[in-house]
Amino acid sequence: MTIDPGDFRRVLGHFPTGVTVVTGAGEDGPAGMAIGSFASVSLDPPLVMFCPGKDSGTWHAIRETGSFCANILGDDQKDVCGIFAMPSDDRFAGIDWTTDATGSPVLPGCVGHIDCDIHAILDGGDHDIVIGLVRSLAVTGGQGPLLFFQGGYGRFEGL
Ligand SMILES: Cc1cc2nc3c(=O)[nH]c(=O)nc-3n(C[C@H](O)[C@H](O)[C@H](O)COP(=O)(O)O)c2cc1C
């Protein structure tokens with residue numbers, strides 16, 4: 001059975017996600033991209049995952065470093081998501097980033113971050129499935145998470 005790409009996008013677009021910016025810092029400077037495919041995997045050992053496109057230049061730069069940091073965006077950081085989803089010569093211009101255990105950029109103003117070593121890279125079709133072993137993690141902001149749904153942004157409201 002063939003799945004129509006338009007149907008795939010439309011139906012999967014009905015599943016909401018949070019938004020992270022996954023970063024790494026190599027010899028060529030910091031790299032980062034908006035990622036909605038971030039998820040937790042395992043508590044023992046502590047593993048998380050995300051799926052970058054195989055042809056993403058940013059993913060190749062992060063992969064070289066052997067580590068990554070997933071920065072959880074808050075509902076006041078739609079602009080940050082835009083910066084890290086659009087082509088740019090320097091997505092980190094004007095961003096005062098810090099580091100945690102791995103040296104990967106920790107972005108200011110986020111809900112929190114999960115700092116990881118790359119544990120495994122699995123084949124996921126036109127994407128890679130990246131498993132991260134958590135080295136350090138923290139909640140650093142009090143705001144709610146930025147949500148992405150059917151191509152638009154929103155915020156969480158408890159029922
Ligand atoms: C909300 C949101 C979620 C995204 N999630 C992913 C994702 O999970 N995997 C991916 O490869 N790209 C994802 N992207 C697209 C990348 O952020 C975008 O293609 C970015 O430009 C890739 O960086 P590069 O072109 O420097 O490689 C997402 C974009 C947005 C706006």
# chains A, B, ... in the order shown; residues from 1 in each chain; ligands from 1
call {"tool": "residues_around", "arguments": {"residues": "Lys54 in chain A", "least_positions_apart": "2", "cutoff": "10 Å", "atoms": "only C-alpha atoms", "output": "list in words"}}
result
Cys51, Pro52, Ser56, Gly57, Trp59, His60, Asp123, Gly124, Gly125, Asp126, His127, Asp128 and Ile129 of chain A
call {"tool": "closest_atom_pairs", "arguments": {"of": "chain A", "to": "ligand 1", "cutoff": "8 Å", "atoms": "only C-alpha atoms and all ligand atoms", "output": "JSON lines"}}
result
{"residue": "A:Thr17", "atom": "CA", "partner": "ligand 1", "partner_atom_place_in_ligand_line": "1 (C)", "distance": 7.9}
{"residue": "A:Gly18", "atom": "CA", "partner": "ligand 1", "partner_atom_place_in_ligand_line": "1 (C)", "distance": 7.7}
{"residue": "A:Val19", "atom": "CA", "partner": "ligand 1", "partner_atom_place_in_ligand_line": "1 (C)", "distance": 5.6}
{"residue": "A:Thr20", "atom": "CA", "partner": "ligand 1", "partner_atom_place_in_ligand_line": "3 (C)", "distance": 7.7}
{"residue": "A:Val21", "atom": "CA", "partner": "ligand 1", "partner_atom_place_in_ligand_line": "17 (O)", "distance": 8.0}
{"residue": "A:Ala31", "atom": "CA", "partner": "ligand 1", "partner_atom_place_in_ligand_line": "26 (O)", "distance": 7.9}
{"residue": "A:Gly32", "atom": "CA", "partner": "ligand 1", "partner_atom_place_in_ligand_line": "23 (O)", "distance": 7.2}
{"residue": "A:Met33", "atom": "CA", "partner": "ligand 1", "partner_atom_place_in_ligand_line": "17 (O)", "distance": 4.6}
{"residue": "A:Ala34", "atom": "CA", "partner": "ligand 1", "partner_atom_place_in_ligand_line": "17 (O)", "distance": 3.7}
{"residue": "A:Ile35", "atom": "CA", "partner": "ligand 1", "partner_atom_place_in_ligand_line": "5 (N)", "distance": 3.4}
{"residue": "A:Gly36", "atom": "CA", "partner": "ligand 1", "partner_atom_place_in_ligand_line": "5 (N)", "distance": 3.8}
{"residue": "A:Ser37", "atom": "CA", "partner": "ligand 1", "partner_atom_place_in_ligand_line": "8 (O)", "distance": 3.9}
{"residue": "A:Phe38", "atom": "CA", "partner": "ligand 1", "partner_atom_place_in_ligand_line": "8 (O)", "distance": 6.7}
{"residue": "A:Phe50", "atom": "CA", "partner": "ligand 1", "partner_atom_place_in_ligand_line": "8 (O)", "distance": 6.4}
{"residue": "A:Cys51", "atom": "CA", "partner": "ligand 1", "partner_atom_place_in_ligand_line": "9 (N)", "distance": 5.1}
{"residue": "A:Pro52", "atom": "CA", "partner": "ligand 1", "partner_atom_place_in_ligand_line": "11 (O)", "distance": 3.5}
{"residue": "A:Gly53", "atom": "CA", "partner": "ligand 1", "partner_atom_place_in_ligand_line": "11 (O)", "distance": 3.8}
{"residue": "A:Lys54", "atom": "CA", "partner": "ligand 1", "partner_atom_place_in_ligand_line": "11 (O)", "distance": 7.5}
{"residue": "A:Asp55", "atom": "CA", "partner": "ligand 1", "partner_atom_place_in_ligand_line": "27 (O)", "distance": 7.0}
{"residue": "A:Ser56", "atom": "CA", "partner": "ligand 1", "partner_atom_place_in_ligand_line": "27 (O)", "distance": 3.4}
{"residue": "A:Gly57", "atom": "CA", "partner": "ligand 1", "partner_atom_place_in_ligand_line": "27 (O)", "distance": 4.1}
{"residue": "A:Thr58", "atom": "CA", "partner": "ligand 1", "partner_atom_place_in_ligand_line": "27 (O)", "distance": 4.0}
{"residue": "A:Trp59", "atom": "CA", "partner": "ligand 1", "partner_atom_place_in_ligand_line": "27 (O)", "distance": 5.9}
{"residue": "A:His60", "atom": "CA", "partner": "ligand 1", "partner_atom_place_in_ligand_line": "27 (O)", "distance": 7.9}
{"residue": "A:Cys81", "atom": "CA", "partner": "ligand 1", "partner_atom_place_in_ligand_line": "31 (C)", "distance": 6.2}
{"residue": "A:Gly82", "atom": "CA", "partner": "ligand 1", "partner_atom_place_in_ligand_line": "31 (C)", "distance": 6.4}
{"residue": "A:Phe84", "atom": "CA", "partner": "ligand 1", "partner_atom_place_in_ligand_line": "17 (O)", "distance": 5.8}
{"residue": "A:Ala85", "atom": "CA", "partner": "ligand 1", "partner_atom_place_in_ligand_line": "17 (O)", "distance": 3.7}
{"residue": "A:Met86", "atom": "CA", "partner": "ligand 1", "partner_atom_place_in_ligand_line": "21 (O)", "distance": 4.8}
{"residue": "A:Pro87", "atom": "CA", "partner": "ligand 1", "partner_atom_place_in_ligand_line": "21 (O)", "distance": 5.5}
{"residue": "A:Ser88", "atom": "CA", "partner": "ligand 1", "partner_atom_place_in_ligand_line": "26 (O)", "distance": 7.6}
{"residue": "A:His127", "atom": "CA", "partner": "ligand 1", "partner_atom_place_in_ligand_line": "11 (O)", "distance": 6.7}
{"residue": "A:Leu147", "atom": "CA", "partner": "ligand 1", "partner_atom_place_in_ligand_line": "1 (C)", "distance": 7.9}
{"residue": "A:Phe148", "atom": "CA", "partner": "ligand 1", "partner_atom_place_in_ligand_line": "1 (C)", "distance": 5.5}
{"residue": "A:Gly151", "atom": "CA", "partner": "ligand 1", "partner_atom_place_in_ligand_line": "1 (C)", "distance": 7.7}
{"residue": "A:Tyr153", "atom": "CA", "partner": "ligand 1", "partner_atom_place_in_ligand_line": "1 (C)", "distance": 7.9}
call {"tool": "write_last_selection", "arguments": {"atoms": "N, CA and C atoms", "output": "mmCIF file, in the first residue's frame"}}
result
data_model
loop_
_atom_site.group_PDB
_atom_site.id
_atom_site.type_symbol
_atom_site.label_atom_id
_atom_site.label_comp_id
_atom_site.auth_asym_id
_atom_site.auth_seq_id
_atom_site.Cartn_x
_atom_site.Cartn_y
_atom_site.Cartn_z
ATOM 1 N N THR A 17 3.095 18.651 19.091
ATOM 2 C CA THR A 17 4.391 18.395 19.735
ATOM 3 C C THR A 17 4.818 19.635 20.506
ATOM 4 N N GLY A 18 5.762 19.440 21.412
ATOM 5 C CA GLY A 18 6.506 20.558 21.967
ATOM 6 C C GLY A 18 7.582 20.936 20.962
ATOM 7 N N VAL A 19 8.354 21.957 21.283
ATOM 8 C CA VAL A 19 9.436 22.378 20.394
ATOM 9 C C VAL A 19 10.724 22.525 21.198
ATOM 10 N N THR A 20 11.792 21.920 20.681
ATOM 11 C CA THR A 20 13.119 22.109 21.271
ATOM 12 C C THR A 20 14.022 22.756 20.226
ATOM 13 N N VAL A 21 15.111 23.354 20.704
ATOM 14 C CA VAL A 21 16.216 23.688 19.818
ATOM 15 C C VAL A 21 17.367 22.784 20.229
ATOM 16 N N ALA A 31 26.037 25.339 16.592
ATOM 17 C CA ALA A 31 25.046 24.947 15.594
ATOM 18 C C ALA A 31 23.758 24.599 16.338
ATOM 19 N N GLY A 32 22.619 24.865 15.706
ATOM 20 C CA GLY A 32 21.361 24.532 16.362
ATOM 21 C C GLY A 32 20.214 24.540 15.381
ATOM 22 N N MET A 33 19.205 23.713 15.624
ATOM 23 C CA MET A 33 18.030 23.632 14.750
ATOM 24 C C MET A 33 16.776 23.340 15.573
ATOM 25 N N ALA A 34 15.641 23.877 15.117
ATOM 26 C CA ALA A 34 14.359 23.595 15.768
ATOM 27 C C ALA A 34 13.991 22.139 15.524
ATOM 28 N N ILE A 35 13.555 21.452 16.602
ATOM 29 C CA ILE A 35 13.231 20.025 16.527
ATOM 30 C C ILE A 35 11.940 19.754 17.299
ATOM 31 N N GLY A 36 10.952 19.195 16.594
ATOM 32 C CA GLY A 36 9.714 18.812 17.250
ATOM 33 C C GLY A 36 9.639 17.332 17.557
ATOM 34 N N SER A 37 10.593 16.566 17.032
ATOM 35 C CA SER A 37 10.556 15.109 17.187
ATOM 36 C C SER A 37 11.286 14.632 18.437
ATOM 37 N N PHE A 38 11.526 15.531 19.386
ATOM 38 C CA PHE A 38 12.212 15.153 20.627
ATOM 39 C C PHE A 38 11.259 14.349 21.528
ATOM 40 N N PHE A 50 15.750 12.225 19.238
ATOM 41 C CA PHE A 50 15.157 13.162 18.279
ATOM 42 C C PHE A 50 15.502 12.672 16.878
ATOM 43 N N CYS A 51 14.788 13.203 15.873
ATOM 44 C CA CYS A 51 14.960 12.736 14.487
ATOM 45 C C CYS A 51 15.311 13.895 13.559
ATOM 46 N N PRO A 52 16.589 14.097 13.243
ATOM 47 C CA PRO A 52 16.981 15.127 12.281
ATOM 48 C C PRO A 52 16.986 14.573 10.857
ATOM 49 N N GLY A 53 16.695 15.435 9.890
ATOM 50 C CA GLY A 53 16.766 15.024 8.496
ATOM 51 C C GLY A 53 18.197 14.639 8.123
ATOM 52 N N LYS A 54 18.328 13.584 7.324
ATOM 53 C CA LYS A 54 19.677 13.100 6.975
ATOM 54 C C LYS A 54 20.478 14.133 6.195
ATOM 55 N N ASP A 55 19.782 15.029 5.471
ATOM 56 C CA ASP A 55 20.515 16.024 4.675
ATOM 57 C C ASP A 55 20.647 17.368 5.393
ATOM 58 N N SER A 56 20.378 17.414 6.689
ATOM 59 C CA SER A 56 20.512 18.659 7.444
ATOM 60 C C SER A 56 21.984 18.958 7.732
ATOM 61 N N GLY A 57 22.442 20.126 7.267
ATOM 62 C CA GLY A 57 23.822 20.548 7.538
ATOM 63 C C GLY A 57 24.063 20.752 9.020
ATOM 64 N N THR A 58 23.039 21.275 9.710
ATOM 65 C CA THR A 58 23.183 21.508 11.152
ATOM 66 C C THR A 58 23.337 20.191 11.900
ATOM 67 N N TRP A 59 22.558 19.190 11.514
ATOM 68 C CA TRP A 59 22.687 17.878 12.161
ATOM 69 C C TRP A 59 24.097 17.312 11.940
ATOM 70 N N HIS A 60 24.647 17.475 10.756
ATOM 71 C CA HIS A 60 26.001 16.962 10.503
ATOM 72 C C HIS A 60 27.016 17.657 11.398
ATOM 73 N N CYS A 81 12.174 29.960 17.924
ATOM 74 C CA CYS A 81 11.888 28.816 17.051
ATOM 75 C C CYS A 81 12.091 29.213 15.592
ATOM 76 N N GLY A 82 11.597 30.402 15.232
ATOM 77 C CA GLY A 82 11.742 30.883 13.850
ATOM 78 C C GLY A 82 13.196 31.013 13.442
ATOM 79 N N PHE A 84 15.739 29.358 14.526
ATOM 80 C CA PHE A 84 16.410 28.069 14.399
ATOM 81 C C PHE A 84 15.739 27.122 13.389
ATOM 82 N N ALA A 85 14.693 27.624 12.719
ATOM 83 C CA ALA A 85 14.054 26.823 11.672
ATOM 84 C C ALA A 85 14.326 27.383 10.283
ATOM 85 N N MET A 86 14.797 28.647 10.224
ATOM 86 C CA MET A 86 15.037 29.310 8.931
ATOM 87 C C MET A 86 16.521 29.319 8.603
ATOM 88 N N PRO A 87 16.862 29.328 7.285
ATOM 89 C CA PRO A 87 18.268 29.445 6.898
ATOM 90 C C PRO A 87 18.868 30.745 7.432
ATOM 91 N N SER A 88 20.123 30.666 7.903
ATOM 92 C CA SER A 88 20.793 31.851 8.449
ATOM 93 C C SER A 88 22.298 31.632 8.460
ATOM 94 N N HIS A 127 15.243 10.399 7.669
ATOM 95 C CA HIS A 127 15.752 10.998 8.898
ATOM 96 C C HIS A 127 16.642 9.995 9.639
ATOM 97 N N LEU A 147 3.929 25.019 21.950
ATOM 98 C CA LEU A 147 3.372 23.851 21.266
ATOM 99 C C LEU A 147 3.252 24.108 19.768
ATOM 100 N N PHE A 148 3.377 23.063 18.969
ATOM 101 C CA PHE A 148 3.280 23.156 17.507
ATOM 102 C C PHE A 148 2.201 22.192 17.039
ATOM 103 N N GLY A 151 0.904 23.206 11.773
ATOM 104 C CA GLY A 151 1.659 24.307 11.181
ATOM 105 C C GLY A 151 1.597 25.609 11.953
ATOM 106 N N TYR A 153 1.473 27.712 16.075
ATOM 107 C CA TYR A 153 1.986 27.645 17.445
ATOM 108 C C TYR A 153 0.878 27.916 18.439
#
call {"tool": "residues_around", "arguments": {"residues": "range 63-66 of chain A", "least_positions_apart": "2", "cutoff": "8 Å", "atoms": "only C-alpha atoms", "output": "PyMOL selection string"}}
result
chain A and resi 24-26+59-61+68+117-118
call {"tool": "write_last_selection", "arguments": {"atoms": "N, CA and C atoms", "output": "tab-separated table (two decimals), in the first residue's frame"}}
result
chain	number	residue	atom	x	y	z
A	24	GLY	N	24.71	22.03	19.29
A	24	GLY	CA	26.03	21.42	19.49
A	24	GLY	C	27.06	22.50	19.21
A	25	ALA	N	28.24	22.37	19.81
A	25	ALA	CA	29.30	23.37	19.59
A	25	ALA	C	30.57	22.66	19.16
A	26	GLY	N	30.93	22.85	17.90
A	26	GLY	CA	32.15	22.25	17.37
A	26	GLY	C	33.20	23.30	17.07
A	59	TRP	N	22.56	19.19	11.51
A	59	TRP	CA	22.69	17.88	12.16
A	59	TRP	C	24.10	17.31	11.94
A	60	HIS	N	24.65	17.48	10.76
A	60	HIS	CA	26.00	16.96	10.50
A	60	HIS	C	27.02	17.66	11.40
A	61	ALA	N	26.85	18.98	11.61
A	61	ALA	CA	27.76	19.73	12.49
A	61	ALA	C	27.62	19.25	13.94
A	68	PHE	N	24.87	16.65	22.25
A	68	PHE	CA	23.87	17.66	21.89
A	68	PHE	C	23.15	18.11	23.14
A	117	ASP	N	25.21	13.01	25.62
A	117	ASP	CA	26.16	12.44	24.67
A	117	ASP	C	25.38	11.62	23.66
A	118	ILE	N	25.85	11.60	22.40
A	118	ILE	CA	25.18	10.76	21.40
A	118	ILE	C	25.50	9.30	21.70
call {"tool": "closest_residue", "arguments": {"among": "A:Leu146, A:Val111, A:Leu137, A:Leu47", "to": "Asp75 in chain A", "atoms": "only C-alpha atoms"}}
result
A:Leu146
call {"tool": "select_by_dssp", "arguments": {"residues": "range 8-89 of chain A", "states": "alpha helix (DSSP H)", "output": "number ranges by chain"}}
result
A: 8-12, 57-65, 78-85
call {"tool": "write_last_selection", "arguments": {"atoms": "N, CA and C atoms", "output": "PDB file, in the first residue's frame"}}
result
ATOM      1  N   PHE A   8       0.147  11.873   4.628  1.00  0.00           N
ATOM      2  CA  PHE A   8       1.071  11.641   5.744  1.00  0.00           C
ATOM      3  C   PHE A   8       1.257  12.938   6.538  1.00  0.00           C
ATOM      4  N   ARG A   9       1.568  14.030   5.808  1.00  0.00           N
ATOM      5  CA  ARG A   9       1.793  15.323   6.473  1.00  0.00           C
ATOM      6  C   ARG A   9       0.522  15.805   7.188  1.00  0.00           C
ATOM      7  N   ARG A  10      -0.630  15.688   6.509  1.00  0.00           N
ATOM      8  CA  ARG A  10      -1.881  16.200   7.070  1.00  0.00           C
ATOM      9  C   ARG A  10      -2.275  15.440   8.336  1.00  0.00           C
ATOM     10  N   VAL A  11      -2.194  14.119   8.276  1.00  0.00           N
ATOM     11  CA  VAL A  11      -2.618  13.325   9.439  1.00  0.00           C
ATOM     12  C   VAL A  11      -1.631  13.494  10.591  1.00  0.00           C
ATOM     13  N   LEU A  12      -0.324  13.433  10.292  1.00  0.00           N
ATOM     14  CA  LEU A  12       0.671  13.587  11.371  1.00  0.00           C
ATOM     15  C   LEU A  12       0.641  14.999  11.932  1.00  0.00           C
ATOM     16  N   GLY A  57      22.442  20.126   7.267  1.00  0.00           N
ATOM     17  CA  GLY A  57      23.822  20.548   7.538  1.00  0.00           C
ATOM     18  C   GLY A  57      24.063  20.752   9.020  1.00  0.00           C
ATOM     19  N   THR A  58      23.039  21.275   9.710  1.00  0.00           N
ATOM     20  CA  THR A  58      23.183  21.508  11.152  1.00  0.00           C
ATOM     21  C   THR A  58      23.337  20.191  11.900  1.00  0.00           C
ATOM     22  N   TRP A  59      22.558  19.190  11.514  1.00  0.00           N
ATOM     23  CA  TRP A  59      22.687  17.878  12.161  1.00  0.00           C
ATOM     24  C   TRP A  59      24.097  17.312  11.940  1.00  0.00           C
ATOM     25  N   HIS A  60      24.647  17.475  10.756  1.00  0.00           N
ATOM     26  CA  HIS A  60      26.001  16.962  10.503  1.00  0.00           C
ATOM     27  C   HIS A  60      27.016  17.657  11.398  1.00  0.00           C
ATOM     28  N   ALA A  61      26.847  18.977  11.614  1.00  0.00           N
ATOM     29  CA  ALA A  61      27.756  19.725  12.487  1.00  0.00           C
ATOM     30  C   ALA A  61      27.616  19.253  13.938  1.00  0.00           C
ATOM     31  N   ILE A  62      26.377  19.011  14.381  1.00  0.00           N
ATOM     32  CA  ILE A  62      26.156  18.546  15.760  1.00  0.00           C
ATOM     33  C   ILE A  62      26.725  17.136  15.941  1.00  0.00           C
ATOM     34  N   ARG A  63      26.496  16.296  14.942  1.00  0.00           N
ATOM     35  CA  ARG A  63      26.953  14.898  15.006  1.00  0.00           C
ATOM     36  C   ARG A  63      28.474  14.814  15.227  1.00  0.00           C
ATOM     37  N   GLU A  64      29.210  15.717  14.566  1.00  0.00           N
ATOM     38  CA  GLU A  64      30.678  15.765  14.688  1.00  0.00           C
ATOM     39  C   GLU A  64      31.124  15.939  16.132  1.00  0.00           C
ATOM     40  N   THR A  65      30.327  16.664  16.935  1.00  0.00           N
ATOM     41  CA  THR A  65      30.732  16.989  18.310  1.00  0.00           C
ATOM     42  C   THR A  65      30.531  15.802  19.256  1.00  0.00           C
ATOM     43  N   LYS A  78       8.436  31.879  20.478  1.00  0.00           N
ATOM     44  CA  LYS A  78       8.117  31.586  19.074  1.00  0.00           C
ATOM     45  C   LYS A  78       9.179  32.176  18.140  1.00  0.00           C
ATOM     46  N   ASP A  79       9.671  33.373  18.477  1.00  0.00           N
ATOM     47  CA  ASP A  79      10.699  34.020  17.650  1.00  0.00           C
ATOM     48  C   ASP A  79      11.982  33.194  17.613  1.00  0.00           C
ATOM     49  N   VAL A  80      12.334  32.581  18.744  1.00  0.00           N
ATOM     50  CA  VAL A  80      13.544  31.747  18.808  1.00  0.00           C
ATOM     51  C   VAL A  80      13.376  30.527  17.906  1.00  0.00           C
ATOM     52  N   CYS A  81      12.174  29.960  17.924  1.00  0.00           N
ATOM     53  CA  CYS A  81      11.888  28.816  17.051  1.00  0.00           C
ATOM     54  C   CYS A  81      12.091  29.213  15.592  1.00  0.00           C
ATOM     55  N   GLY A  82      11.597  30.402  15.232  1.00  0.00           N
ATOM     56  CA  GLY A  82      11.742  30.883  13.850  1.00  0.00           C
ATOM     57  C   GLY A  82      13.196  31.013  13.442  1.00  0.00           C
ATOM     58  N   ILE A  83      14.003  31.564  14.328  1.00  0.00           N
ATOM     59  CA  ILE A  83      15.441  31.740  14.038  1.00  0.00           C
ATOM     60  C   ILE A  83      16.095  30.391  13.733  1.00  0.00           C
ATOM     61  N   PHE A  84      15.739  29.358  14.526  1.00  0.00           N
ATOM     62  CA  PHE A  84      16.410  28.069  14.399  1.00  0.00           C
ATOM     63  C   PHE A  84      15.739  27.122  13.389  1.00  0.00           C
ATOM     64  N   ALA A  85      14.693  27.624  12.719  1.00  0.00           N
ATOM     65  CA  ALA A  85      14.054  26.823  11.672  1.00  0.00           C
ATOM     66  C   ALA A  85      14.326  27.383  10.283  1.00  0.00           C
TER      67      ALA A  85
END
call {"tool": "atom_distance", "arguments": {"atom1": "CA of Phe156 in chain A", "atom2": "CA of Asp44 in chain A"}}
result
28.7 Å
call {"tool": "select_by_dssp", "arguments": {"residues": "range 27-156 of chain A", "states": "strand (DSSP E or B)", "output": "NGL selection string"}}
result
:A and (29-35 or 39-42 or 47-50 or 53 or 67-72 or 74 or 98-99 or 105-106 or 112-124 or 127-139 or 145-149 or 152-155)
call {"tool": "residues_around", "arguments": {"residues": "range 93-105 of chain A", "least_positions_apart": "2", "cutoff": "8 Å", "atoms": "only C-alpha atoms", "output": "list in words"}}
result
Thr23, Gly24, Ala25, Pro30, Ser67, Phe68, Cys69, Asp90, Arg91, Leu107, Pro108, Asp115, Cys116, Asp117, Arg135 and Ser136 of chain A
call {"tool": "write_last_selection", "arguments": {"atoms": "C-alpha atoms", "output": "short mmCIF file (atom, residue, chain, number, x, y, z; two decimals), in the first residue's frame"}}
result
data_model
loop_
_atom_site.label_atom_id
_atom_site.label_comp_id
_atom_site.auth_asym_id
_atom_site.auth_seq_id
_atom_site.Cartn_x
_atom_site.Cartn_y
_atom_site.Cartn_z
CA THR A 23 22.39 22.45 19.69
CA GLY A 24 26.03 21.42 19.49
CA ALA A 25 29.30 23.37 19.59
CA PRO A 30 27.75 26.72 17.62
CA SER A 67 27.01 15.53 22.00
CA PHE A 68 23.87 17.66 21.89
CA CYS A 69 21.70 19.77 24.12
CA ASP A 90 24.54 32.88 12.22
CA ARG A 91 21.51 31.70 14.19
CA LEU A 107 19.95 28.88 25.28
CA PRO A 108 18.72 31.60 27.66
CA ASP A 115 22.32 17.79 27.83
CA CYS A 116 23.40 14.49 26.23
CA ASP A 117 26.16 12.44 24.67
CA ARG A 135 24.56 13.77 31.21
CA SER A 136 22.77 16.69 32.88
#
call {"tool": "decode", "arguments": {"residues": "range 54-129 of chain A", "atoms": "C-alpha atoms", "output": "short mmCIF file (atom, residue, chain, number, x, y, z; two decimals), in the first residue's frame"}}
result
data_model
loop_
_atom_site.label_atom_id
_atom_site.label_comp_id
_atom_site.auth_asym_id
_atom_site.auth_seq_id
_atom_site.Cartn_x
_atom_site.Cartn_y
_atom_site.Cartn_z
CA LYS A 54 19.68 13.10 6.98
CA ASP A 55 20.52 16.02 4.67
CA SER A 56 20.51 18.66 7.44
CA GLY A 57 23.82 20.55 7.54
CA THR A 58 23.18 21.51 11.15
CA TRP A 59 22.69 17.88 12.16
CA HIS A 60 26.00 16.96 10.50
CA ALA A 61 27.76 19.73 12.49
CA ILE A 62 26.16 18.55 15.76
CA ARG A 63 26.95 14.90 15.01
CA GLU A 64 30.68 15.76 14.69
CA THR A 65 30.73 16.99 18.31
CA GLY A 66 29.45 13.67 19.74
CA SER A 67 27.01 15.53 22.00
CA PHE A 68 23.87 17.66 21.89
CA CYS A 69 21.70 19.77 24.12
CA ALA A 70 17.90 19.84 23.69
CA ASN A 71 16.59 23.24 24.84
CA ILE A 72 12.84 23.17 25.63
CA LEU A 73 11.22 26.33 24.19
CA GLY A 74 8.70 28.30 26.24
CA ASP A 75 5.41 29.76 24.98
CA ASP A 76 7.12 33.19 24.80
CA GLN A 77 9.87 31.92 22.44
CA LYS A 78 8.12 31.59 19.07
CA ASP A 79 10.70 34.02 17.65
CA VAL A 80 13.54 31.75 18.81
CA CYS A 81 11.89 28.82 17.05
CA GLY A 82 11.74 30.88 13.85
CA ILE A 83 15.44 31.74 14.04
CA PHE A 84 16.41 28.07 14.40
CA ALA A 85 14.05 26.82 11.67
CA MET A 86 15.04 29.31 8.93
CA PRO A 87 18.27 29.44 6.90
CA SER A 88 20.79 31.85 8.45
CA ASP A 89 24.52 32.63 8.41
CA ASP A 90 24.54 32.88 12.22
CA ARG A 91 21.51 31.70 14.19
CA PHE A 92 23.36 32.49 17.44
CA ALA A 93 23.91 36.21 16.67
CA GLY A 94 22.90 38.20 19.75
CA ILE A 95 22.17 35.05 21.80
CA ASP A 96 24.07 34.92 25.09
CA TRP A 97 24.38 31.11 25.37
CA THR A 98 26.06 29.16 28.16
CA THR A 99 27.06 25.50 28.56
CA ASP A 100 26.39 22.58 30.89
CA ALA A 101 28.09 19.13 31.02
CA THR A 102 28.83 18.52 27.33
CA GLY A 103 29.73 22.04 26.17
CA SER A 104 26.72 22.17 23.84
CA PRO A 105 24.94 25.56 23.83
CA VAL A 106 22.31 26.14 26.52
CA LEU A 107 19.95 28.88 25.28
CA PRO A 108 18.72 31.60 27.66
CA GLY A 109 15.05 31.98 28.55
CA CYS A 110 14.02 28.36 27.93
CA VAL A 111 11.80 26.12 30.06
CA GLY A 112 14.75 23.77 30.60
CA HIS A 113 17.39 21.70 28.84
CA ILE A 114 18.58 18.11 28.49
CA ASP A 115 22.32 17.79 27.83
CA CYS A 116 23.40 14.49 26.23
CA ASP A 117 26.16 12.44 24.67
CA ILE A 118 25.18 10.76 21.40
CA HIS A 119 24.56 7.13 22.39
CA ALA A 120 23.34 5.65 19.08
CA ILE A 121 22.25 6.71 15.61
CA LEU A 122 19.63 4.50 13.96
CA ASP A 123 18.24 4.51 10.44
CA GLY A 124 14.89 6.25 10.16
CA GLY A 125 14.30 6.53 6.41
CA ASP A 126 15.03 10.08 5.26
CA HIS A 127 15.75 11.00 8.90
CA ASP A 128 18.19 9.63 11.49
CA ILE A 129 16.94 8.48 14.90
#
